[in-house]
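Coordinates as given in input21.cif (mmCIF, C-alpha atoms and all ligand atoms):
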```
data_structure
#
loop_
_atom_site.label_atom_id
_atom_site.label_comp_id
_atom_site.auth_asym_id
_atom_site.auth_seq_id
_atom_site.Cartn_x
_atom_site.Cartn_y
_atom_site.Cartn_z
CA MET A 27 -17.60 19.46 -0.03
CA SER A 28 -17.58 16.46 2.30
CA ARG A 29 -14.81 14.54 4.03
CA PRO A 30 -14.34 12.57 7.23
CA GLN A 31 -12.23 13.97 10.04
CA LEU A 32 -10.86 12.37 13.14
CA HIS A 33 -12.65 13.08 16.42
CA GLY A 34 -12.58 9.66 18.09
CA GLU A 35 -14.66 8.12 15.33
CA LEU A 36 -14.34 9.54 11.82
CA GLU A 37 -16.96 12.13 11.06
CA VAL A 38 -18.17 13.11 7.59
CA GLN A 39 -18.50 16.88 7.12
CA ASP A 40 -20.37 18.51 4.25
CA ASP A 41 -19.59 22.18 4.77
CA ILE A 42 -15.93 22.58 3.87
CA PRO A 43 -15.01 25.03 1.07
CA VAL A 44 -13.33 23.67 -2.07
CA PRO A 45 -9.67 24.84 -2.02
CA GLU A 46 -7.92 26.79 -4.80
CA PRO A 47 -4.74 25.30 -6.33
CA GLU A 48 -1.58 27.39 -5.99
CA GLY A 49 1.79 27.15 -7.75
CA SER A 50 2.28 23.80 -9.49
CA GLU A 51 -0.54 22.08 -7.59
CA PHE A 52 -3.81 21.04 -9.19
CA LEU A 53 -7.25 20.32 -7.79
CA VAL A 54 -8.58 16.76 -8.05
CA LYS A 55 -12.14 15.59 -7.50
CA ILE A 56 -11.63 12.21 -5.87
CA SER A 57 -13.90 9.36 -6.96
CA ALA A 58 -12.45 6.37 -5.06
CA ASN A 59 -10.14 5.79 -2.11
CA SER A 60 -9.40 2.50 -0.38
CA LEU A 61 -8.80 1.87 3.30
CA CYS A 62 -5.26 0.83 4.32
CA ASN A 63 -3.84 -0.55 7.56
CA SER A 64 -1.67 2.56 7.72
CA ASP A 65 -4.86 4.61 8.07
CA LEU A 66 -5.59 2.63 11.22
CA ALA A 67 -2.02 3.15 12.44
CA GLY A 68 -2.48 6.90 11.92
CA ILE A 69 -5.81 6.97 13.72
CA ALA A 70 -4.34 4.94 16.59
CA GLY A 71 -1.52 7.47 16.98
CA TYR A 72 1.40 5.36 15.72
CA THR A 73 2.39 7.83 12.98
CA GLY A 74 2.43 11.00 15.09
CA SER A 75 -0.71 12.27 13.38
CA THR A 76 -2.58 14.96 15.27
CA PRO A 77 -6.34 15.31 14.80
CA PRO A 78 -8.24 16.82 13.20
CA TYR A 79 -6.99 15.68 9.81
CA VAL A 80 -8.41 13.83 6.82
CA PRO A 81 -7.07 10.27 6.46
CA GLY A 82 -6.77 8.24 3.26
CA HIS A 83 -3.81 7.76 0.93
CA GLU A 84 -5.04 5.52 -1.91
CA PRO A 85 -7.00 8.09 -3.96
CA VAL A 86 -8.00 8.18 -7.62
CA GLY A 87 -9.87 11.03 -9.28
CA ARG A 88 -9.90 13.55 -12.11
CA ILE A 89 -8.19 16.93 -12.38
CA VAL A 90 -10.82 19.67 -12.28
CA LYS A 91 -8.61 22.78 -12.00
CA ARG A 92 -4.96 23.59 -12.70
CA GLY A 93 -2.81 25.97 -10.67
CA PRO A 94 -0.89 28.88 -12.25
CA ALA A 95 2.27 26.76 -12.67
CA THR A 96 0.89 23.24 -13.12
CA PRO A 97 3.11 21.27 -15.56
CA SER A 98 1.57 20.91 -19.02
CA SER A 99 1.64 17.11 -18.63
CA PHE A 100 -1.33 17.39 -16.26
CA GLN A 101 -4.53 18.71 -17.82
CA VAL A 102 -8.12 19.14 -16.67
CA GLY A 103 -9.96 15.84 -17.16
CA ASP A 104 -6.88 13.63 -16.66
CA ARG A 105 -7.47 10.63 -14.41
CA VAL A 106 -4.78 10.54 -11.72
CA GLY A 107 -3.73 8.86 -8.51
CA PHE A 108 -1.30 10.31 -6.00
CA MET A 109 0.95 9.35 -3.10
CA PRO A 110 1.15 11.05 0.31
CA GLY A 111 4.30 13.20 -0.08
CA SER A 112 3.41 16.70 -1.25
CA ARG A 113 4.89 20.19 -0.95
CA VAL A 114 8.35 18.59 -0.87
CA CYS A 115 11.64 20.52 -1.02
CA SER A 116 12.85 18.85 -4.28
CA SER A 117 16.47 19.42 -3.23
CA CYS A 118 17.24 17.01 -0.35
CA ARG A 119 18.88 13.63 -0.99
CA SER A 120 15.55 11.77 -0.68
CA CYS A 121 13.84 14.08 -3.19
CA LEU A 122 16.73 13.85 -5.66
CA LEU A 123 16.52 10.05 -5.51
CA GLY A 124 12.78 10.15 -6.22
CA ASN A 125 11.95 9.16 -2.66
CA HIS A 126 9.77 12.18 -1.93
CA ARG A 127 7.97 10.25 0.78
CA PHE A 128 11.06 10.61 2.99
CA CYS A 129 11.52 14.39 2.47
CA LYS A 130 11.63 16.02 5.89
CA SER A 131 9.76 19.12 4.73
CA ARG A 132 6.89 17.23 3.06
CA THR A 133 3.22 17.42 3.93
CA ASN A 134 2.14 13.82 4.42
CA PHE A 135 -1.44 14.00 3.23
CA GLY A 136 -3.63 11.30 4.69
CA PHE A 137 -1.69 11.57 7.95
CA SER A 138 -1.85 15.35 8.42
CA GLY A 139 -3.64 18.30 6.85
CA MET A 140 -7.05 18.43 5.25
CA PHE A 141 -6.46 16.86 1.83
CA GLY A 142 -6.33 13.14 2.60
CA GLY A 143 -7.69 10.59 0.16
CA PHE A 144 -11.10 10.52 1.83
CA SER A 145 -11.62 14.17 0.83
CA GLU A 146 -14.05 15.00 -1.92
CA TYR A 147 -11.48 17.43 -3.35
CA SER A 148 -7.73 17.42 -2.80
CA LEU A 149 -4.86 19.71 -3.76
CA VAL A 150 -2.24 17.53 -5.42
CA ASP A 151 1.50 18.07 -5.87
CA PRO A 152 2.51 16.88 -9.37
CA VAL A 153 5.70 15.28 -7.98
CA SER A 154 3.53 12.67 -6.27
CA ALA A 155 0.91 12.15 -8.99
CA VAL A 156 0.69 9.66 -11.84
CA LYS A 157 -1.89 9.15 -14.56
CA ILE A 158 -4.02 6.03 -14.29
CA PRO A 159 -3.68 3.81 -17.38
CA ASP A 160 -6.68 2.55 -19.33
CA GLY A 161 -7.56 -0.99 -18.34
CA LEU A 162 -8.01 -0.20 -14.65
CA THR A 163 -11.22 1.20 -13.18
CA ASP A 164 -10.98 3.85 -10.47
CA GLU A 165 -11.83 1.20 -7.86
CA GLU A 166 -9.23 -1.24 -9.20
CA ALA A 167 -6.54 1.44 -9.34
CA ALA A 168 -7.07 2.92 -5.86
CA PRO A 169 -5.56 0.03 -3.82
CA LEU A 170 -2.49 0.10 -6.07
CA LEU A 171 -1.59 3.63 -4.88
CA CYS A 172 -0.20 2.25 -1.60
CA ALA A 173 -0.81 -1.50 -1.27
CA GLY A 174 0.06 -2.15 -4.91
CA VAL A 175 3.26 -0.13 -5.09
CA THR A 176 4.36 -1.57 -1.74
CA ALA A 177 3.76 -5.09 -3.06
CA TYR A 178 5.52 -4.35 -6.35
CA GLY A 179 8.48 -2.75 -4.55
CA ALA A 180 8.89 -5.80 -2.30
CA VAL A 181 8.83 -8.24 -5.22
CA LYS A 182 11.36 -6.06 -7.07
CA LYS A 183 13.64 -6.30 -4.04
CA ALA A 184 13.25 -10.09 -4.00
CA ALA A 185 14.07 -10.16 -7.72
CA GLN A 186 17.53 -8.81 -6.90
CA TYR A 187 18.32 -12.07 -5.10
CA GLN A 188 16.45 -14.83 -6.95
CA THR A 189 15.43 -15.52 -10.52
CA PRO A 190 11.97 -16.06 -12.02
CA GLY A 191 10.88 -19.67 -11.81
CA THR A 192 12.11 -20.04 -8.23
CA LEU A 193 10.08 -20.30 -5.04
CA LEU A 194 9.16 -17.04 -3.25
CA ASN A 195 7.50 -17.06 0.17
CA VAL A 196 4.73 -14.65 1.16
CA VAL A 197 3.61 -14.59 4.82
CA GLY A 198 0.21 -12.90 5.16
CA CYS A 199 -2.39 -12.89 2.37
CA GLY A 200 -4.55 -9.85 3.17
CA GLY A 201 -4.92 -6.44 1.53
CA VAL A 202 -1.25 -6.09 0.60
CA GLY A 203 -0.39 -9.80 0.59
CA HIS A 204 -2.86 -10.72 -2.14
CA LEU A 205 -1.23 -8.09 -4.35
CA VAL A 206 2.29 -9.35 -3.52
CA ILE A 207 1.13 -12.78 -4.72
CA GLN A 208 -0.28 -11.36 -7.96
CA TYR A 209 2.78 -9.24 -8.77
CA ALA A 210 5.16 -12.09 -7.88
CA THR A 211 3.23 -14.55 -10.02
CA LYS A 212 3.10 -12.19 -13.01
CA MET A 213 6.84 -11.51 -12.58
CA GLY A 214 7.49 -15.24 -12.92
CA PHE A 215 7.94 -16.51 -9.36
CA ASP A 216 6.35 -19.61 -7.86
CA VAL A 217 4.61 -18.31 -4.75
CA GLN A 218 4.37 -20.29 -1.53
CA ALA A 219 1.83 -18.36 0.56
CA PHE A 220 1.19 -18.69 4.29
CA ASP A 221 -1.63 -17.43 6.49
CA VAL A 222 -3.57 -18.58 9.54
CA ALA A 223 -7.03 -17.79 8.11
CA GLU A 224 -8.81 -20.09 5.69
CA ASP A 225 -10.45 -17.27 3.70
CA LYS A 226 -7.06 -15.59 3.19
CA LEU A 227 -5.56 -18.89 1.96
CA GLU A 228 -8.44 -19.20 -0.51
CA LEU A 229 -7.67 -15.66 -1.67
CA ALA A 230 -3.99 -16.60 -2.08
CA LYS A 231 -4.93 -19.50 -4.38
CA LYS A 232 -7.27 -17.27 -6.37
CA CYS A 233 -4.39 -14.80 -6.83
CA GLY A 234 -2.11 -17.47 -8.29
CA ALA A 235 -0.16 -18.90 -5.35
CA LYS A 236 1.28 -22.31 -6.24
CA PHE A 237 1.02 -23.39 -2.60
CA ALA A 238 -1.21 -21.90 0.13
CA LEU A 239 -0.34 -23.28 3.55
CA ASP A 240 -1.76 -22.84 7.05
CA SER A 241 1.13 -21.47 9.12
CA SER A 242 -0.68 -22.18 12.40
CA GLN A 243 -0.31 -25.94 11.94
CA PRO A 244 2.30 -27.63 14.15
CA ASP A 245 5.64 -27.96 12.34
CA ALA A 246 4.30 -25.91 9.39
CA ALA A 247 7.63 -24.10 9.04
CA GLU A 248 9.69 -27.28 9.25
CA ALA A 249 7.48 -29.02 6.67
CA ALA A 250 7.62 -26.18 4.14
CA GLU A 251 10.24 -25.87 1.43
CA LYS A 252 12.63 -23.00 2.14
CA ALA A 253 12.88 -20.07 -0.27
CA VAL A 254 15.65 -17.51 -0.87
CA CYS A 255 13.31 -14.62 -0.07
CA THR A 256 10.33 -14.37 2.25
CA ILE A 257 8.11 -11.29 2.07
CA VAL A 258 6.31 -10.67 5.38
CA VAL A 259 3.07 -8.76 5.04
CA SER A 260 1.56 -9.75 8.38
CA GLY A 261 1.86 -7.26 11.24
CA VAL A 262 2.14 -10.01 13.85
CA SER A 263 5.53 -10.63 15.51
CA ALA A 264 5.10 -14.41 15.22
CA ALA A 265 5.02 -14.02 11.43
CA TYR A 266 8.65 -12.89 11.55
CA ASP A 267 9.70 -15.91 13.64
CA PHE A 268 7.99 -18.04 11.03
CA ALA A 269 9.57 -16.16 8.12
CA PHE A 270 13.14 -16.71 9.32
CA LYS A 271 12.41 -20.44 9.60
CA VAL A 272 11.18 -20.75 6.01
CA THR A 273 14.06 -18.72 4.53
CA SER A 274 17.11 -20.58 3.25
CA HIS A 275 20.79 -19.90 4.00
CA HIS A 276 22.01 -16.61 2.40
CA GLY A 277 18.35 -15.55 2.09
CA LYS A 278 16.45 -12.32 2.71
CA VAL A 279 13.40 -11.62 4.86
CA ILE A 280 11.66 -8.59 3.37
CA ALA A 281 9.54 -6.68 5.90
CA ILE A 282 6.32 -4.89 4.99
CA GLY A 283 4.07 -5.80 7.94
CA VAL A 284 4.68 -3.71 11.04
CA PRO A 285 4.04 -5.19 14.51
CA HIS A 286 2.91 -2.46 16.91
CA SER A 287 5.43 -3.54 19.54
CA PRO A 288 9.18 -4.30 19.35
CA THR A 289 9.91 -7.70 17.80
CA ALA A 290 12.78 -9.88 19.04
CA VAL A 291 15.11 -11.14 16.32
CA ASN A 292 17.58 -13.99 16.89
CA ILE A 293 20.74 -12.33 15.57
CA LEU A 294 22.80 -15.49 16.15
CA ASP A 295 20.49 -17.39 13.78
CA LEU A 296 20.84 -14.64 11.17
CA VAL A 297 24.63 -14.64 11.46
CA LEU A 298 24.98 -18.43 11.39
CA ARG A 299 22.73 -18.74 8.31
CA ASP A 300 23.78 -15.49 6.58
CA ILE A 301 20.22 -14.14 6.46
CA SER A 302 19.41 -10.43 6.13
CA LEU A 303 16.32 -8.48 7.13
CA ILE A 304 15.32 -5.82 4.60
CA ALA A 305 12.59 -3.22 5.17
CA THR A 306 10.48 -1.71 2.44
CA ASN A 307 7.55 0.70 2.23
CA GLN A 308 5.64 2.07 -0.76
CA GLY A 309 8.00 3.09 -3.57
CA THR A 310 9.15 5.88 -5.83
CA LYS A 311 6.89 7.59 -8.32
CA ASP A 312 8.65 5.58 -11.07
CA GLU A 313 7.79 2.38 -9.24
CA LEU A 314 4.18 3.51 -8.86
CA TYR A 315 4.03 4.18 -12.60
CA SER A 316 5.50 0.72 -13.35
CA CYS A 317 3.19 -0.98 -10.86
CA LEU A 318 0.12 0.58 -12.51
CA GLN A 319 1.33 -0.20 -16.04
CA LEU A 320 2.07 -3.81 -15.11
CA ALA A 321 -1.34 -4.18 -13.49
CA ALA A 322 -3.11 -2.80 -16.57
CA ALA A 323 -1.06 -4.88 -19.01
CA ARG A 324 -1.04 -8.19 -17.11
CA GLY A 325 -4.48 -8.18 -15.50
CA ILE A 326 -3.44 -7.64 -11.88
CA LYS A 327 -6.69 -6.78 -10.11
CA PRO A 328 -7.13 -6.01 -6.43
CA ILE A 329 -9.95 -7.97 -4.83
CA TYR A 330 -12.23 -5.39 -3.24
CA GLU A 331 -15.65 -4.55 -1.89
CA LYS A 332 -17.13 -1.16 -2.70
CA HIS A 333 -18.61 0.85 0.19
CA ASP A 334 -20.18 4.25 0.78
CA ILE A 335 -18.05 6.82 2.63
CA ASN A 336 -20.74 7.11 5.32
CA THR A 337 -19.91 3.54 6.42
CA ILE A 338 -16.21 4.31 6.99
CA ASN A 339 -16.31 3.58 10.73
CA GLN A 340 -17.70 0.09 10.08
CA GLY A 341 -14.84 -0.45 7.62
CA ILE A 342 -12.31 0.56 10.25
CA ALA A 343 -13.92 -1.87 12.71
CA ASP A 344 -13.82 -4.66 10.10
CA MET A 345 -10.16 -4.02 9.30
CA THR A 346 -9.26 -3.91 12.99
CA ALA A 347 -10.97 -7.29 13.42
CA GLY A 348 -9.12 -8.75 10.41
CA LYS A 349 -12.42 -9.35 8.60
CA ILE A 350 -11.54 -7.69 5.29
CA VAL A 351 -10.62 -10.04 2.46
CA GLY A 352 -8.72 -7.89 -0.05
CA ARG A 353 -9.57 -4.19 0.18
CA TYR A 354 -12.54 -1.92 1.00
CA VAL A 355 -12.82 0.82 -1.63
CA TYR A 356 -14.95 3.88 -0.86
CA SER A 357 -16.81 5.97 -3.37
CA ILE A 358 -16.41 9.60 -2.36
ZN ZN B 1 13.13 16.96 0.03
ZN ZN B 2 -1.17 2.47 2.89
#
```
Now, as a test, write the supplied structure out as structure tokens.
Amino acid sequence: MSRPQLHGELEVQDDIPVPEPEGSEFLVKISANSLCNSDLAGIAGYTGSTPPYVPGHEPVGRIVKRGPATPSSFQVGDRVGFMPGSRVCSSCRSCLLGNHRFCKSRTNFGFSGMFGGFSEYSLVDPVSAVKIPDGLTDEEAAPLLCAGVTAYGAVKKAAQYQTPGTLLNVVGCGGVGHLVIQYATKMGFDVQAFDVAEDKLELAKKCGAKFALDSSQPDAAEAAEKAVCTIVVSGVSAAYDFAFKVTSHHGKVIAIGVPHSPTAVNILDLVLRDISLIATNQGTKDELYSCLQLAAARGIKPIYEKHDINTINQGIADMTAGKIVGRYVYSI
């Protein structure tokens, strides 16, 4: 069995025994896993992850062995994807609300332990797993396991405050942003997308954005039409300054992108214009299910390049340099 581990650079190992599923868990042979910015945050030490561990949290594969108490809804041969929270308590407030990813007793695979998405085999907790619908290949489904459900969750939040047919801003058109644009468009919003990179603006147009504007231009914020909600996918502090400027009175700035240093917010401006800042990350298992179903039914397709797992360190370098357009998906 092979999987990369963290020792400075990621290292692929081929000599690790295949684990046995216990309790309700099942064993999955992973076929595809895509690289996420959160993997880089973990590797850089921002998530409290302690090496060695196996990163990766956008995995798709097939069940190859059931545990003694695996629910009957999961059978050998089923194609599944799964989210990081596993071995949860199932009794805390977060678990009871379906937010297993916040359970304090969870194992956060991909950020700790040896069953991250870049493993060849992983032990999977059924509370975090969903079946992949027909109509999505393994490579198309993988980025939806984190980037997709995060995008869908953010658009759902925006939909609480504005109706389809209205303008929705998206700041940042990369791996998550291009999915925000697709979900927002399919859910009926007119997307006004912003980025500073020409290739990302091209991607935004390809994904259905009605407007794709260069936010680095002087007076770009002042010239743009304001929207009720602005979803920020960029991890740059300046993107938040920009987002508040292009959000209308009584509006919401919805935060996905995470700057790696504290970001100053002008509270007076928020108070005077009645603007709120809302944070979001990933989603519940129900939201993951809906995000996959919507993608399969409405033709939402991540833009990706397929790479071999042995080139993972080059992928990390490319993502760090902002060179990835869409997602890198790795065959395991
Ligand atoms: Zn819990
Ligand atoms: Zn992620």
Give me the residues near A:Ala246 as a PyMOL selection string, where near means some atom within 10 Å (using only C-alpha atoms) and where sequence neighbours in that chain fewer than 5 positions away do not count. chain A and resi 220+239-241+251+268+271-272
Of the listed residues A:Gly136, A:Pro244, A:Pro94, A:Gly198, that which approaches A:Gly283 most closely, counting all atoms listed in the file: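 Of all the options, A:Gly198 lies closest to A:Gly283.
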Residues within 12 Å of ligand ZN 2 (chain B) should be enumerated using only C-alpha atoms and all ligand atoms and returned as a tab-separated table (two decimals) with C-alpha atoms, in the frame of the given file.
```
chain	number	residue	atom	x	y	z
A	59	ASN	CA	-10.14	5.79	-2.11
A	60	SER	CA	-9.40	2.50	-0.38
A	61	LEU	CA	-8.80	1.87	3.30
A	62	CYS	CA	-5.26	0.83	4.32
A	63	ASN	CA	-3.84	-0.55	7.56
A	64	SER	CA	-1.67	2.56	7.72
A	65	ASP	CA	-4.86	4.61	8.07
A	66	LEU	CA	-5.59	2.63	11.22
A	67	ALA	CA	-2.02	3.15	12.44
A	68	GLY	CA	-2.48	6.90	11.92
A	73	THR	CA	2.39	7.83	12.98
A	81	PRO	CA	-7.07	10.27	6.46
A	82	GLY	CA	-6.77	8.24	3.26
A	83	HIS	CA	-3.81	7.76	0.93
A	84	GLU	CA	-5.04	5.52	-1.91
A	85	PRO	CA	-7.00	8.09	-3.96
A	108	PHE	CA	-1.30	10.31	-6.00
A	109	MET	CA	0.95	9.35	-3.10
A	110	PRO	CA	1.15	11.05	0.31
A	134	ASN	CA	2.14	13.82	4.42
A	135	PHE	CA	-1.44	14.00	3.23
A	136	GLY	CA	-3.63	11.30	4.69
A	137	PHE	CA	-1.69	11.57	7.95
A	142	GLY	CA	-6.33	13.14	2.60
A	143	GLY	CA	-7.69	10.59	0.16
A	168	ALA	CA	-7.07	2.92	-5.86
A	169	PRO	CA	-5.56	0.03	-3.82
A	170	LEU	CA	-2.49	0.10	-6.07
A	171	LEU	CA	-1.59	3.63	-4.88
A	172	CYS	CA	-0.20	2.25	-1.60
A	173	ALA	CA	-0.81	-1.50	-1.27
A	174	GLY	CA	0.06	-2.15	-4.91
A	175	VAL	CA	3.26	-0.13	-5.09
A	176	THR	CA	4.36	-1.57	-1.74
A	177	ALA	CA	3.76	-5.09	-3.06
A	201	GLY	CA	-4.92	-6.44	1.53
A	202	VAL	CA	-1.25	-6.09	0.60
A	282	ILE	CA	6.32	-4.89	4.99
A	283	GLY	CA	4.07	-5.80	7.94
A	284	VAL	CA	4.68	-3.71	11.04
A	307	ASN	CA	7.55	0.70	2.23
A	308	GLN	CA	5.64	2.07	-0.76
A	309	GLY	CA	8.00	3.09	-3.57
A	353	ARG	CA	-9.57	-4.19	0.18
```
Around ligand ZN 1 (chain B), out to 6 Å and counting all atoms listed in the file, which residues are there? I want them as a PDB file with C-alpha atoms, in the coordinates of the input.
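Result saved to out13.pdb:
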```
ATOM      1  CA  VAL A 114       8.350  18.590  -0.870  1.00  0.00           C
ATOM      2  CA  CYS A 115      11.640  20.520  -1.020  1.00  0.00           C
ATOM      3  CA  SER A 116      12.850  18.850  -4.280  1.00  0.00           C
ATOM      4  CA  SER A 117      16.470  19.420  -3.230  1.00  0.00           C
ATOM      5  CA  CYS A 118      17.240  17.010  -0.350  1.00  0.00           C
ATOM      6  CA  SER A 120      15.550  11.770  -0.680  1.00  0.00           C
ATOM      7  CA  CYS A 121      13.840  14.080  -3.190  1.00  0.00           C
ATOM      8  CA  CYS A 129      11.520  14.390   2.470  1.00  0.00           C
TER       9      CYS A 129
END
```
What's the 7 Å shell around stretch 287-299 of chain A, counting all atoms listed in the file, without same-chain residues fewer than 6 positions away, as a ChimeraX atom specification? /A:263,275-276
Completion step: stretch 100-108 of chain A with all heavy atoms as a PDB file, keeping the file's coordinate frame:
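Written output follows (rebuild14.pdb):
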```
ATOM      1  N   PHE A 100      -0.094  17.649 -17.012  1.00  0.00           N
ATOM      2  CA  PHE A 100      -1.330  17.390 -16.260  1.00  0.00           C
ATOM      3  C   PHE A 100      -2.395  18.384 -16.700  1.00  0.00           C
ATOM      4  O   PHE A 100      -2.223  19.596 -16.537  1.00  0.00           O
ATOM      5  CB  PHE A 100      -1.084  17.511 -14.747  1.00  0.00           C
ATOM      6  CG  PHE A 100      -0.236  16.398 -14.185  1.00  0.00           C
ATOM      7  CD1 PHE A 100       1.096  16.619 -13.863  1.00  0.00           C
ATOM      8  CD2 PHE A 100      -0.767  15.127 -13.986  1.00  0.00           C
ATOM      9  CE1 PHE A 100       1.880  15.591 -13.349  1.00  0.00           C
ATOM     10  CE2 PHE A 100       0.004  14.094 -13.478  1.00  0.00           C
ATOM     11  CZ  PHE A 100       1.337  14.326 -13.159  1.00  0.00           C
ATOM     12  N   GLN A 101      -3.476  17.861 -17.282  1.00  0.00           N
ATOM     13  CA  GLN A 101      -4.530  18.710 -17.820  1.00  0.00           C
ATOM     14  C   GLN A 101      -5.873  18.381 -17.166  1.00  0.00           C
ATOM     15  O   GLN A 101      -6.076  17.261 -16.668  1.00  0.00           O
ATOM     16  CB  GLN A 101      -4.656  18.504 -19.337  1.00  0.00           C
ATOM     17  CG  GLN A 101      -3.428  18.961 -20.130  1.00  0.00           C
ATOM     18  CD  GLN A 101      -3.219  20.483 -20.108  1.00  0.00           C
ATOM     19  OE1 GLN A 101      -4.177  21.254 -19.961  1.00  0.00           O
ATOM     20  NE2 GLN A 101      -1.973  20.919 -20.249  1.00  0.00           N
ATOM     21  N   VAL A 102      -6.769  19.358 -17.200  1.00  0.00           N
ATOM     22  CA  VAL A 102      -8.120  19.140 -16.670  1.00  0.00           C
ATOM     23  C   VAL A 102      -8.750  17.939 -17.386  1.00  0.00           C
ATOM     24  O   VAL A 102      -8.655  17.813 -18.605  1.00  0.00           O
ATOM     25  CB  VAL A 102      -8.988  20.410 -16.870  1.00  0.00           C
ATOM     26  CG1 VAL A 102     -10.463  20.122 -16.572  1.00  0.00           C
ATOM     27  CG2 VAL A 102      -8.482  21.537 -15.966  1.00  0.00           C
ATOM     28  N   GLY A 103      -9.339  17.041 -16.606  1.00  0.00           N
ATOM     29  CA  GLY A 103      -9.960  15.840 -17.160  1.00  0.00           C
ATOM     30  C   GLY A 103      -9.090  14.603 -17.036  1.00  0.00           C
ATOM     31  O   GLY A 103      -9.585  13.482 -17.141  1.00  0.00           O
ATOM     32  N   ASP A 104      -7.770  14.789 -16.811  1.00  0.00           N
ATOM     33  CA  ASP A 104      -6.880  13.630 -16.660  1.00  0.00           C
ATOM     34  C   ASP A 104      -7.269  12.836 -15.416  1.00  0.00           C
ATOM     35  O   ASP A 104      -7.575  13.408 -14.362  1.00  0.00           O
ATOM     36  CB  ASP A 104      -5.417  14.077 -16.509  1.00  0.00           C
ATOM     37  CG  ASP A 104      -4.812  14.547 -17.818  1.00  0.00           C
ATOM     38  OD1 ASP A 104      -5.438  14.331 -18.875  1.00  0.00           O
ATOM     39  OD2 ASP A 104      -3.711  15.137 -17.772  1.00  0.00           O
ATOM     40  N   ARG A 105      -7.196  11.504 -15.552  1.00  0.00           N
ATOM     41  CA  ARG A 105      -7.470  10.630 -14.410  1.00  0.00           C
ATOM     42  C   ARG A 105      -6.140  10.341 -13.718  1.00  0.00           C
ATOM     43  O   ARG A 105      -5.195   9.860 -14.340  1.00  0.00           O
ATOM     44  CB  ARG A 105      -8.118   9.338 -14.904  1.00  0.00           C
ATOM     45  CG  ARG A 105      -8.797   8.520 -13.826  1.00  0.00           C
ATOM     46  CD  ARG A 105      -9.715   7.488 -14.469  1.00  0.00           C
ATOM     47  NE  ARG A 105      -8.990   6.532 -15.268  1.00  0.00           N
ATOM     48  CZ  ARG A 105      -8.933   5.223 -15.015  1.00  0.00           C
ATOM     49  NH1 ARG A 105      -9.582   4.725 -13.983  1.00  0.00           N
ATOM     50  NH2 ARG A 105      -8.269   4.418 -15.804  1.00  0.00           N
ATOM     51  N   VAL A 106      -6.054  10.652 -12.433  1.00  0.00           N
ATOM     52  CA  VAL A 106      -4.780  10.540 -11.720  1.00  0.00           C
ATOM     53  C   VAL A 106      -4.951   9.845 -10.371  1.00  0.00           C
ATOM     54  O   VAL A 106      -6.046   9.794  -9.806  1.00  0.00           O
ATOM     55  CB  VAL A 106      -4.142  11.937 -11.464  1.00  0.00           C
ATOM     56  CG1 VAL A 106      -3.757  12.620 -12.764  1.00  0.00           C
ATOM     57  CG2 VAL A 106      -5.073  12.820 -10.644  1.00  0.00           C
ATOM     58  N   GLY A 107      -3.826   9.320  -9.884  1.00  0.00           N
ATOM     59  CA  GLY A 107      -3.730   8.860  -8.510  1.00  0.00           C
ATOM     60  C   GLY A 107      -2.515   9.541  -7.907  1.00  0.00           C
ATOM     61  O   GLY A 107      -1.653  10.031  -8.642  1.00  0.00           O
ATOM     62  N   PHE A 108      -2.440   9.597  -6.589  1.00  0.00           N
ATOM     63  CA  PHE A 108      -1.300  10.310  -6.000  1.00  0.00           C
ATOM     64  C   PHE A 108      -0.916   9.719  -4.657  1.00  0.00           C
ATOM     65  O   PHE A 108      -1.723   9.141  -3.947  1.00  0.00           O
ATOM     66  CB  PHE A 108      -1.554  11.812  -5.910  1.00  0.00           C
ATOM     67  CG  PHE A 108      -2.917  12.199  -5.414  1.00  0.00           C
ATOM     68  CD1 PHE A 108      -3.100  12.585  -4.102  1.00  0.00           C
ATOM     69  CD2 PHE A 108      -4.013  12.177  -6.268  1.00  0.00           C
ATOM     70  CE1 PHE A 108      -4.356  12.950  -3.642  1.00  0.00           C
ATOM     71  CE2 PHE A 108      -5.276  12.529  -5.814  1.00  0.00           C
ATOM     72  CZ  PHE A 108      -5.446  12.916  -4.504  1.00  0.00           C
TER      73      PHE A 108
END
```
